[in-house]
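Let me begin by presenting the structure, written as structure tokens, before commenting on it.
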Amino acid sequence: MSATPATTAYHLERALLPAGVADDVLVTIADGRFASVEPAVAQPAEPASWLPGLTVPGLANCHSHAFHRALRGRTQRGRSTFWTWREQMYSLAERLDPDSYFALALATYREMVASGITSVGEFHYLHHTPRGRPYDDPNAMGRALIEAARQAGLRITLLDACYLAAGINREPEGVQRRFSDGDSAQWAKRVSMLTDDETVKIGQAFHSLRAVPRDQLSADPDRPLHVHLSEQRAENDECLSAYGRTPTELLADAGQLGPLTTVVHATHLTDTDIDLLGTTHVYVDFCPTTERDLGDGIGPSRRLHEAGAQLTLGSDSHAVIDLFEEMRAVEMDERLATQQRGHWTADELVTAATATGHASLGWGDTGRIEVGQRADLVTLDTRSPRTAGTGADSQTAVFAASAEDVLHVVVDGRVVARDGDRAEIGRELEAAISAVWS
Ligand SMILES: [Zn+2]
């Protein structure tokens, strides 16, 4: 990563600003933030770098399990269910140590950066040694992720997950012992040893209502809290039979549906659940490419939005790392589910992937090209075979572009990806993934 000069300037051929698209925009960046955003009529004091294409704000990938990247192309074959996929994922989880976890995360985050992702919410539950003992540094695995993000050049919100049970009233078994801290007080104590900095935020997660018993649902109200919620009907059934409540109702009872809460997937919900998630204005993170890969189902994204919840997006298992595809898929899935078109506008979906996503990760000053915001710029090729002739606006980003169209990425004023990086990233991924399976 190059050093940050005190002030940089870019002349954007076209940019997606809060008020809409504009041609010839001059941005200046000082100390990692936008110092000015204005029409490029006057010559700047210093020469501005020319960025041809459509420049959009940085994308927030709000739900990632970096190590799942090693499953791509390996778990898609044959007939199976979410639960058989999970067995394959567990066999990978058994193999990792802090070094291999770091190498895999670094390559995965480099893939993210090259696709325009400038912040990642890493939902991290692989805490301890394979036998369940803490490492000498009990946060060795979490720190590996933080260092990987730092070297890849994107911000990370480490969503350190509490995972205490194999299911309701069932002790962790097998590799799940790596995930468990014993109880939520021990979990909170370990997490409290991690600290925020300029590009790192420590957040928290309940893995699910299967993995965290009702009496352990406590968390710091001042930090982001993410929870896998109702991804599978079996989870709802287990919760209903044990507690007589849906997972959403349990979270509400525990006072955990707050302004910093994100529920992930929210696929199989009752009308009451939708009402609870809407009236509390929580973030709802959809991961459509993973949800279709795992056969989860299609969640009620628009109904949640209309009830008051706020949509964000994630690539979760990394079957695909492409937030343009995630944006598009939210609308396309609604079309398949309802046999109607036009549920989400392109602008709404871009906002979900940028400003709202960043806010849900604790980066409320990121996701808009506007004075004072952190200076992230993601420039798309508007002349590729996919994007040419599509208008070079938010419709292009949502309905035409792919991660392959990202030419240039700036995070906090630093250039972190350029067109031409992809071959090297491919080699890094190949090496990291071969190493864990060898
Ligand atoms: Zn997940």
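In the structure tokens, each chain is lettered A, B, ... as it comes, each chain's residues begin at 1, and ligands are numbered from 1 in order of appearance.
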
12 Å shell around ligand 1 using only C-alpha atoms and all ligand atoms, listed as an MDAnalysis selection string: chainID A and resid 61:68 82 86 89 121:125 159 161 205:208 226:232 262:266 285:291 294 296 313:319

Residues as selected, N, CA and C atoms, written as a tab-separated table (two decimals), in the first residue's frame, can you do that?
chain	number	residue	atom	x	y	z
A	61	ASN	N	-19.17	-4.76	2.75
A	61	ASN	CA	-19.54	-6.18	2.76
A	61	ASN	C	-19.83	-6.55	4.21
A	62	CYS	N	-21.12	-6.56	4.56
A	62	CYS	CA	-21.49	-6.59	5.98
A	62	CYS	C	-21.54	-7.98	6.58
A	63	HIS	N	-21.33	-9.00	5.77
A	63	HIS	CA	-21.33	-10.35	6.36
A	63	HIS	C	-20.35	-11.23	5.61
A	64	SER	N	-19.25	-11.53	6.29
A	64	SER	CA	-18.19	-12.35	5.69
A	64	SER	C	-17.73	-13.40	6.68
A	65	HIS	N	-17.52	-14.62	6.18
A	65	HIS	CA	-16.70	-15.61	6.89
A	65	HIS	C	-15.54	-15.86	5.93
A	66	ALA	N	-14.43	-15.18	6.15
A	66	ALA	CA	-13.35	-15.19	5.14
A	66	ALA	C	-12.92	-16.60	4.77
A	67	PHE	N	-12.86	-17.50	5.76
A	67	PHE	CA	-12.30	-18.82	5.44
A	67	PHE	C	-13.18	-19.64	4.52
A	68	HIS	N	-14.47	-19.31	4.43
A	68	HIS	CA	-15.35	-20.05	3.54
A	68	HIS	C	-14.94	-19.91	2.07
A	82	PHE	N	-28.38	-27.49	3.53
A	82	PHE	CA	-27.57	-26.59	4.34
A	82	PHE	C	-26.76	-27.38	5.36
A	86	ARG	N	-22.77	-27.72	5.93
A	86	ARG	CA	-22.13	-27.32	7.17
A	86	ARG	C	-21.07	-28.35	7.58
A	89	MET	N	-18.04	-27.53	5.67
A	89	MET	CA	-17.44	-26.31	6.20
A	89	MET	C	-16.67	-26.63	7.49
A	121	GLY	N	-17.44	-6.63	7.31
A	121	GLY	CA	-17.90	-7.09	8.62
A	121	GLY	C	-17.59	-8.57	8.70
A	122	GLU	N	-16.57	-8.89	9.47
A	122	GLU	CA	-16.11	-10.29	9.52
A	122	GLU	C	-16.73	-10.98	10.72
A	123	PHE	N	-17.62	-11.90	10.45
A	123	PHE	CA	-18.37	-12.63	11.47
A	123	PHE	C	-17.51	-13.83	11.85
A	124	HIS	N	-16.83	-13.68	12.98
A	124	HIS	CA	-15.70	-14.57	13.31
A	124	HIS	C	-16.01	-15.46	14.51
A	125	TYR	N	-15.96	-16.77	14.29
A	125	TYR	CA	-16.27	-17.68	15.41
A	125	TYR	C	-15.22	-18.75	15.62
A	159	LEU	N	-16.61	-8.84	13.94
A	159	LEU	CA	-17.83	-9.22	14.65
A	159	LEU	C	-17.53	-10.53	15.36
A	161	ALA	N	-17.87	-13.56	17.45
A	161	ALA	CA	-19.13	-14.26	17.72
A	161	ALA	C	-19.08	-15.11	18.98
A	205	ALA	N	-21.12	-10.54	17.98
A	205	ALA	CA	-22.15	-11.32	17.31
A	205	ALA	C	-22.64	-12.42	18.23
A	206	PHE	N	-23.93	-12.76	18.09
A	206	PHE	CA	-24.42	-14.04	18.61
A	206	PHE	C	-24.45	-14.93	17.38
A	207	HIS	N	-23.79	-16.08	17.45
A	207	HIS	CA	-23.75	-16.87	16.21
A	207	HIS	C	-25.17	-17.11	15.70
A	208	SER	N	-26.05	-17.53	16.61
A	208	SER	CA	-27.45	-17.79	16.25
A	208	SER	C	-28.19	-18.06	17.54
A	226	HIS	N	-24.27	-8.40	15.55
A	226	HIS	CA	-24.84	-9.11	14.40
A	226	HIS	C	-25.27	-10.52	14.82
A	227	VAL	N	-26.35	-11.00	14.22
A	227	VAL	CA	-26.90	-12.31	14.59
A	227	VAL	C	-27.42	-13.01	13.34
A	228	HIS	N	-27.00	-14.27	13.12
A	228	HIS	CA	-27.66	-15.09	12.10
A	228	HIS	C	-29.09	-15.36	12.57
A	229	LEU	N	-30.07	-15.07	11.72
A	229	LEU	CA	-31.46	-15.19	12.18
A	229	LEU	C	-32.34	-15.89	11.15
A	230	SER	N	-32.95	-16.96	11.57
A	230	SER	CA	-33.99	-17.63	10.77
A	230	SER	C	-33.56	-17.87	9.33
A	231	GLU	N	-32.33	-18.40	9.19
A	231	GLU	CA	-31.85	-18.74	7.84
A	231	GLU	C	-32.51	-20.03	7.36
A	232	GLN	N	-32.77	-20.92	8.33
A	232	GLN	CA	-33.33	-22.23	8.03
A	232	GLN	C	-34.59	-22.45	8.88
A	262	THR	N	-27.77	-5.90	13.72
A	262	THR	CA	-28.00	-6.41	12.36
A	262	THR	C	-28.42	-7.86	12.47
A	263	VAL	N	-29.56	-8.19	11.87
A	263	VAL	CA	-29.92	-9.60	11.76
A	263	VAL	C	-29.57	-10.05	10.34
A	264	VAL	N	-28.92	-11.20	10.27
A	264	VAL	CA	-28.37	-11.67	9.00
A	264	VAL	C	-29.28	-12.77	8.44
A	265	HIS	N	-29.63	-12.66	7.20
A	265	HIS	CA	-30.50	-13.57	6.42
A	265	HIS	C	-31.98	-13.21	6.61
A	266	ALA	N	-32.52	-13.42	7.82
A	266	ALA	CA	-33.93	-13.10	8.07
A	266	ALA	C	-34.81	-13.66	6.95
A	285	ASP	N	-29.43	-7.85	7.06
A	285	ASP	CA	-28.39	-8.10	6.07
A	285	ASP	C	-28.77	-9.30	5.21
A	286	PHE	N	-28.95	-9.05	3.92
A	286	PHE	CA	-29.25	-10.13	2.98
A	286	PHE	C	-27.96	-10.53	2.25
A	287	CYS	N	-27.83	-11.82	1.99
A	287	CYS	CA	-26.66	-12.37	1.31
A	287	CYS	C	-27.17	-13.27	0.19
A	288	PRO	N	-27.78	-12.68	-0.84
A	288	PRO	CA	-28.53	-13.51	-1.79
A	288	PRO	C	-27.71	-14.57	-2.51
A	289	THR	N	-26.43	-14.30	-2.80
A	289	THR	CA	-25.70	-15.33	-3.55
A	289	THR	C	-25.41	-16.54	-2.68
A	290	THR	N	-25.21	-16.32	-1.38
A	290	THR	CA	-25.04	-17.47	-0.48
A	290	THR	C	-26.38	-18.13	-0.22
A	291	GLU	N	-27.42	-17.31	-0.01
A	291	GLU	CA	-28.73	-17.89	0.29
A	291	GLU	C	-29.22	-18.79	-0.85
A	294	LEU	N	-26.96	-22.06	-0.85
A	294	LEU	CA	-27.28	-23.01	0.22
A	294	LEU	C	-28.73	-23.48	0.18
A	296	ASP	N	-31.36	-21.70	0.94
A	296	ASP	CA	-32.03	-21.20	2.15
A	296	ASP	C	-33.48	-20.79	1.90
A	313	LEU	N	-26.02	-5.55	2.80
A	313	LEU	CA	-25.69	-6.71	1.97
A	313	LEU	C	-24.37	-7.34	2.38
A	314	GLY	N	-24.24	-8.64	2.11
A	314	GLY	CA	-22.98	-9.32	2.40
A	314	GLY	C	-22.76	-10.49	1.47
A	315	SER	N	-21.49	-10.92	1.37
A	315	SER	CA	-21.21	-12.07	0.50
A	315	SER	C	-20.99	-13.35	1.30
A	316	ASP	N	-21.08	-13.28	2.62
A	316	ASP	CA	-21.22	-14.42	3.52
A	316	ASP	C	-20.23	-15.54	3.23
A	317	SER	N	-20.64	-16.58	2.52
A	317	SER	CA	-19.78	-17.75	2.30
A	317	SER	C	-18.85	-17.57	1.12
A	318	HIS	N	-18.99	-16.45	0.41
A	318	HIS	CA	-18.09	-16.14	-0.71
A	318	HIS	C	-18.18	-17.14	-1.87
A	319	ALA	N	-19.35	-17.75	-2.02
A	319	ALA	CA	-19.59	-18.50	-3.25
A	319	ALA	C	-19.36	-17.55	-4.43

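Contact shell of Arg233 in chain A at 10 Å (only C-alpha atoms; same-chain neighbours under 4 positions omitted): Asp237, Glu238, Cys239, Thr267, His268, Leu269, Asp296 and Gly297 of chain A.
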
Selected residues, C-alpha atoms, written as a PDB file, in the first residue's frame, please.
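Result saved to again.pdb:
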ATOM      1  CA  ASP A 237     -38.668 -25.126  14.745  1.00  0.00           C
ATOM      2  CA  GLU A 238     -35.985 -25.806  17.362  1.00  0.00           C
ATOM      3  CA  CYS A 239     -36.485 -22.402  18.921  1.00  0.00           C
ATOM      4  CA  THR A 267     -35.299 -15.562   5.544  1.00  0.00           C
ATOM      5  CA  HIS A 268     -38.170 -17.381   7.264  1.00  0.00           C
ATOM      6  CA  LEU A 269     -40.141 -14.824   9.252  1.00  0.00           C
ATOM      7  CA  ASP A 296     -32.028 -21.196   2.151  1.00  0.00           C
ATOM      8  CA  GLY A 297     -35.008 -19.527   0.506  1.00  0.00           C
TER       9      GLY A 297
END

Backbone DSSP call of helix (DSSP H, G or I) for range 302-369 of chain A, listed as a PyMOL selection string: chain A and resi 302-307+323-338+346-360

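The closest residue to Arg69 in chain A, picked from A:Val284, A:Ala103, A:Leu194, A:Cys162 and counting only C-alpha atoms, is A:Ala103.
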
I'd like the neighbourhood of Leu126 in chain A as a CSV table (one decimal) with C-alpha atoms, in the first residue's frame, where a residue qualifies if any of its atoms comes within 9 Å (using only C-alpha atoms), though same-chain residues fewer than 6 positions away should be ignored.
chain,number,residue,atom,x,y,z
A,93,ALA,CA,-12.6,-25.2,10.1
A,96,LEU,CA,-7.0,-23.8,10.2
A,141,MET,CA,-7.3,-15.9,15.3
A,142,GLY,CA,-9.1,-12.6,15.5
A,161,ALA,CA,-19.1,-14.3,17.7
A,176,GLN,CA,-17.6,-26.5,17.6
A,178,ARG,CA,-13.0,-24.2,18.8
A,179,PHE,CA,-15.9,-21.8,18.7
A,180,SER,CA,-16.9,-21.8,22.4

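Closest approach to Ile168 in chain A among A:Asp222, A:Glu424, A:Glu331, A:Glu235: A:Glu235, based on only C-alpha atoms.
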
Backbone DSSP call of strand (DSSP E) for range 223-349 of chain A, listed as a PyMOL selection string: chain A and resi 225-229+261-265+283-286+310-313

Exercise: range 420-423 of chain A partners within 8 Å, only C-alpha atoms, chain neighbours under 3 positions left out, as a ChimeraX atom specification: /A:111,114,417,426-427

Can I get the selected residues back with N, CA and C atoms, as a PDB file, in the first residue's frame?
ATOM      1  N   GLU A 111      -9.265 -10.069  -2.809  1.00  0.00           N
ATOM      2  CA  GLU A 111     -10.332 -10.240  -3.816  1.00  0.00           C
ATOM      3  C   GLU A 111     -11.454  -9.226  -3.558  1.00  0.00           C
ATOM      4  N   ALA A 114     -10.416  -5.648  -4.633  1.00  0.00           N
ATOM      5  CA  ALA A 114     -10.419  -5.504  -6.090  1.00  0.00           C
ATOM      6  C   ALA A 114     -11.834  -5.445  -6.652  1.00  0.00           C
ATOM      7  N   ALA A 417      -6.401  -0.747  -4.871  1.00  0.00           N
ATOM      8  CA  ALA A 417      -6.519  -1.702  -5.978  1.00  0.00           C
ATOM      9  C   ALA A 417      -6.499  -0.948  -7.289  1.00  0.00           C
ATOM     10  N   GLY A 426      -5.322 -13.742  -7.969  1.00  0.00           N
ATOM     11  CA  GLY A 426      -5.655 -15.131  -8.294  1.00  0.00           C
ATOM     12  C   GLY A 426      -4.562 -16.087  -7.821  1.00  0.00           C
ATOM     13  N   ARG A 427      -3.327 -15.711  -8.029  1.00  0.00           N
ATOM     14  CA  ARG A 427      -2.220 -16.576  -7.574  1.00  0.00           C
ATOM     15  C   ARG A 427      -2.201 -16.691  -6.052  1.00  0.00           C
TER      16      ARG A 427
END

Residues within 7 Å of Arg33 in chain A, only C-alpha atoms, excluding chain neighbours under 2 positions, as a PyMOL selection string: chain A and resi 29-31+35+372-375+412-413
